[in-house]
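Q: Sharing a structure with you now.
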Amino acid sequence: EPYRRQRQMCIRDRSKIDVELNLQKYTSSTKKWKTVKTWKKTKNASNLLFADSYKLSAKGTYRCKCTAVFTKSGKKETITKTTGKKQYK
């Protein structure tokens with residue numbers, strides 16, 4: 001039984017990360033950001049690496065918005081970060 005108890009604790013304490021990364025373009029007519037591409041990734045770990053690229057098809061102002069949900073021992077924490085604006089000419 002000690003092995004079983006230890007295994008259950010390891011499974012319950014496992015870390016999980018859910019990430020959604022949105023590439024957004026600013027629309028001046030509506031004065032809002034519109035998502036043009038979304039990447040999602042989930043991993044049972046304490047860290048996660050994103051490495052991808054996307055070819056822009058139109059000039060404009062872009063930014064990235066990333067939302068990450070961290071889960072450990074049944075507790076969730078959500079963090080959202082947005083990059084600064086970048087002009088594509």
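Naming scheme: A, B, ... for chains in displayed order of the structure tokens; residues 1 onward per chain; ligands 1 onward as shown.
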Need to verify the contact set: Gln24 in chain A, 8 Å, only C-alpha atoms, exclusion of same-chain residues closer than 5 positions in sequence. Can you return it as a ChimeraX atom specification?

A: /A:33-37,62-65

Q: Find the residues around Ile17 in chain A up to 7 Å (only C-alpha atoms counted), leave out those fewer than 4 positions away in its own chain, and share them as a PyMOL selection string.

A: chain A and resi 42-45+68-71

Q: Include N, CA and C atoms and write out the residues we just selected as a CSV table (one decimal), in the first residue's frame.

A:
```csv
chain,number,residue,atom,x,y,z
A,42,THR,N,-0.9,22.5,-24.6
A,42,THR,CA,-1.1,22.0,-23.2
A,42,THR,C,0.0,21.0,-22.9
A,43,LYS,N,0.5,21.1,-21.7
A,43,LYS,CA,1.6,20.2,-21.3
A,43,LYS,C,1.5,19.9,-19.8
A,44,ASN,N,1.7,18.6,-19.4
A,44,ASN,CA,1.8,18.3,-18.0
A,44,ASN,C,3.3,18.4,-17.6
A,45,ALA,N,3.6,19.6,-17.2
A,45,ALA,CA,5.0,19.9,-16.8
A,45,ALA,C,4.9,21.3,-16.1
A,68,ALA,N,-2.1,32.1,-20.1
A,68,ALA,CA,-1.6,30.9,-19.6
A,68,ALA,C,-2.4,30.5,-18.3
A,69,VAL,N,-2.8,29.3,-18.2
A,69,VAL,CA,-3.5,28.7,-17.0
A,69,VAL,C,-2.5,27.7,-16.4
A,70,PHE,N,-2.1,27.9,-15.2
A,70,PHE,CA,-1.2,27.0,-14.5
A,70,PHE,C,-2.1,26.3,-13.4
A,71,THR,N,-2.0,24.9,-13.4
A,71,THR,CA,-2.7,24.1,-12.5
A,71,THR,C,-1.7,23.3,-11.7
```

Q: Between CA of Glu20 in chain A and CA of Gly74 in chain A, what is the spacing in Å?

A: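 Between CA of Gly74 in chain A and CA of Glu20 in chain A the gap works out to 20.1 Å.
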
Q: Name the closest residue to Leu56 in chain A among the candidates A:Thr82, A:Tyr88, A:Lys72, A:Thr27; distances are taken between atoms, counting only C-alpha atoms.

A: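 Using only C-alpha atoms, the shortest distance to Leu56 in chain A belongs to A:Tyr88.
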
Q: Would you kindly return, as number ranges by chain, each protein, DNA or RNA residue with an atom no farther than 12 Å from any atom of Ala51 in chain A, considering only C-alpha atoms and excluding same-chain residues fewer than 4 positions away?

A: A: 21, 39-41

Q: So that I have them on file, write out the residues from the current selection with C-alpha atoms, as a short mmCIF file (atom, residue, chain, number, x, y, z; two decimals), in the first residue's frame.

A:
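Dumped to again-v4.cif:
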```
data_model
loop_
_atom_site.label_atom_id
_atom_site.label_comp_id
_atom_site.auth_asym_id
_atom_site.auth_seq_id
_atom_site.Cartn_x
_atom_site.Cartn_y
_atom_site.Cartn_z
CA LEU A 21 -1.26 32.69 -27.94
CA TRP A 39 -1.82 28.78 -31.26
CA LYS A 40 -2.75 26.51 -28.32
CA LYS A 41 -0.61 24.12 -26.32
#
```

Q: From the DSSP assignment of the backbone, select every residue of chain A that is strand (DSSP E or B), and format the answer as a VMD selection string.

A: chain A and resid 15 to 27 32 to 43 60 to 72 75 to 82 86 to 88

Q: Using the selection just defined, write its residues with N, CA and C atoms as a short mmCIF file (atom, residue, chain, number, x, y, z; two decimals), in the first residue's frame.

A:
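What ended up in again16.cif:
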```cif
data_model
loop_
_atom_site.label_atom_id
_atom_site.label_comp_id
_atom_site.auth_asym_id
_atom_site.auth_seq_id
_atom_site.Cartn_x
_atom_site.Cartn_y
_atom_site.Cartn_z
N SER A 15 1.99 19.19 -12.24
CA SER A 15 1.74 20.52 -12.79
C SER A 15 1.22 20.40 -14.21
N LYS A 16 0.35 21.34 -14.59
CA LYS A 16 -0.19 21.38 -15.94
C LYS A 16 -0.23 22.83 -16.41
N ILE A 17 0.11 23.06 -17.68
CA ILE A 17 0.08 24.40 -18.26
C ILE A 17 -0.77 24.36 -19.53
N ASP A 18 -1.73 25.27 -19.63
CA ASP A 18 -2.52 25.48 -20.84
C ASP A 18 -2.21 26.88 -21.34
N VAL A 19 -1.76 26.99 -22.60
CA VAL A 19 -1.40 28.30 -23.15
C VAL A 19 -2.16 28.55 -24.44
N GLU A 20 -2.66 29.78 -24.57
CA GLU A 20 -3.27 30.24 -25.82
C GLU A 20 -2.56 31.53 -26.21
N LEU A 21 -1.99 31.53 -27.41
CA LEU A 21 -1.26 32.69 -27.94
C LEU A 21 -2.01 33.21 -29.15
N ASN A 22 -2.39 34.49 -29.12
CA ASN A 22 -3.13 35.10 -30.22
C ASN A 22 -2.32 36.20 -30.88
N LEU A 23 -2.19 36.12 -32.20
CA LEU A 23 -1.63 37.22 -32.98
C LEU A 23 -2.81 38.10 -33.37
N GLN A 24 -2.73 39.38 -33.01
CA GLN A 24 -3.85 40.28 -33.25
C GLN A 24 -3.44 41.47 -34.11
N LYS A 25 -4.39 41.93 -34.93
CA LYS A 25 -4.18 43.10 -35.79
C LYS A 25 -5.16 44.19 -35.37
N TYR A 26 -4.65 45.41 -35.29
CA TYR A 26 -5.50 46.54 -34.91
C TYR A 26 -6.30 47.00 -36.11
N THR A 27 -7.62 47.14 -35.92
CA THR A 27 -8.51 47.63 -36.98
C THR A 27 -8.89 49.06 -36.62
N LYS A 32 -10.52 48.31 -32.58
CA LYS A 32 -10.43 47.07 -31.80
C LYS A 32 -9.34 46.17 -32.38
N TRP A 33 -8.88 45.24 -31.54
CA TRP A 33 -7.91 44.24 -31.95
C TRP A 33 -8.65 42.99 -32.42
N LYS A 34 -8.25 42.49 -33.61
CA LYS A 34 -8.87 41.29 -34.18
C LYS A 34 -7.82 40.18 -34.24
N THR A 35 -8.17 39.00 -33.75
CA THR A 35 -7.26 37.86 -33.77
C THR A 35 -7.17 37.30 -35.19
N VAL A 36 -5.93 37.19 -35.69
CA VAL A 36 -5.71 36.66 -37.04
C VAL A 36 -5.14 35.24 -37.02
N LYS A 37 -4.52 34.85 -35.90
CA LYS A 37 -3.95 33.50 -35.79
C LYS A 37 -3.89 33.13 -34.32
N THR A 38 -4.24 31.87 -34.00
CA THR A 38 -4.21 31.38 -32.63
C THR A 38 -3.40 30.09 -32.56
N TRP A 39 -2.56 30.00 -31.55
CA TRP A 39 -1.82 28.78 -31.26
C TRP A 39 -2.22 28.35 -29.85
N LYS A 40 -2.41 27.04 -29.64
CA LYS A 40 -2.75 26.51 -28.32
C LYS A 40 -1.83 25.34 -28.01
N LYS A 41 -1.47 25.22 -26.74
CA LYS A 41 -0.61 24.12 -26.32
C LYS A 41 -0.92 23.78 -24.87
N THR A 42 -0.92 22.49 -24.55
CA THR A 42 -1.12 22.00 -23.19
C THR A 42 0.00 21.01 -22.88
N LYS A 43 0.53 21.11 -21.66
CA LYS A 43 1.62 20.20 -21.28
C LYS A 43 1.54 19.91 -19.79
N GLY A 60 0.07 46.66 -41.31
CA GLY A 60 -0.76 47.10 -40.20
C GLY A 60 -0.03 47.06 -38.88
N THR A 61 -0.78 47.24 -37.82
CA THR A 61 -0.25 47.22 -36.47
C THR A 61 -0.66 45.91 -35.80
N TYR A 62 0.32 45.20 -35.26
CA TYR A 62 0.09 43.88 -34.68
C TYR A 62 0.59 43.81 -33.24
N ARG A 63 0.08 42.83 -32.50
CA ARG A 63 0.55 42.52 -31.16
C ARG A 63 0.26 41.04 -30.88
N CYS A 64 0.87 40.51 -29.83
CA CYS A 64 0.57 39.15 -29.37
C CYS A 64 -0.05 39.23 -27.98
N LYS A 65 -1.06 38.40 -27.77
CA LYS A 65 -1.72 38.30 -26.47
C LYS A 65 -1.65 36.85 -26.03
N CYS A 66 -1.07 36.61 -24.86
CA CYS A 66 -0.86 35.26 -24.37
C CYS A 66 -1.60 35.07 -23.05
N THR A 67 -2.39 34.00 -22.98
CA THR A 67 -3.07 33.63 -21.73
C THR A 67 -2.59 32.25 -21.33
N ALA A 68 -2.10 32.15 -20.09
CA ALA A 68 -1.60 30.88 -19.57
C ALA A 68 -2.38 30.52 -18.30
N VAL A 69 -2.78 29.25 -18.22
CA VAL A 69 -3.45 28.75 -17.03
C VAL A 69 -2.55 27.68 -16.42
N PHE A 70 -2.10 27.93 -15.20
CA PHE A 70 -1.24 27.01 -14.48
C PHE A 70 -2.08 26.26 -13.45
N THR A 71 -1.97 24.93 -13.43
CA THR A 71 -2.72 24.13 -12.46
C THR A 71 -1.73 23.25 -11.69
N LYS A 72 -1.81 23.34 -10.37
CA LYS A 72 -0.96 22.48 -9.52
C LYS A 72 -1.74 22.16 -8.25
N LYS A 75 -5.20 23.64 -7.84
CA LYS A 75 -5.37 25.10 -7.80
C LYS A 75 -4.95 25.69 -9.14
N LYS A 76 -5.77 26.63 -9.66
CA LYS A 76 -5.50 27.26 -10.95
C LYS A 76 -5.11 28.72 -10.77
N GLU A 77 -4.18 29.15 -11.63
CA GLU A 77 -3.79 30.56 -11.68
C GLU A 77 -3.74 30.94 -13.16
N THR A 78 -4.38 32.04 -13.51
CA THR A 78 -4.42 32.51 -14.90
C THR A 78 -3.66 33.82 -15.02
N ILE A 79 -2.80 33.88 -16.03
CA ILE A 79 -2.02 35.10 -16.30
C ILE A 79 -2.19 35.44 -17.77
N THR A 80 -2.47 36.72 -18.06
CA THR A 80 -2.57 37.21 -19.43
C THR A 80 -1.57 38.34 -19.62
N LYS A 81 -0.78 38.26 -20.68
CA LYS A 81 0.21 39.30 -21.01
C LYS A 81 0.03 39.69 -22.47
N THR A 82 0.23 40.96 -22.74
CA THR A 82 0.13 41.48 -24.10
C THR A 82 1.41 42.22 -24.44
N LYS A 86 3.50 46.55 -32.78
CA LYS A 86 4.56 46.55 -33.78
C LYS A 86 3.94 46.89 -35.13
N GLN A 87 4.57 47.81 -35.85
CA GLN A 87 4.09 48.22 -37.17
C GLN A 87 4.72 47.35 -38.24
N TYR A 88 3.91 46.75 -39.11
CA TYR A 88 4.39 45.95 -40.23
C TYR A 88 4.12 46.72 -41.50
#
```

Q: State, in Å with one decimal place, the distance from CA of Tyr54 in chain A to CA of Gly84 in chain A.

A: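 Answer for the CA of Tyr54 in chain A to CA of Gly84 in chain A separation: 17.7 Å.
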
Q: Run DSSP on the backbone and tell me which residues of chain A come out as alpha helix (DSSP H); list them as a ChimeraX atom specification.

A: /A:2-12
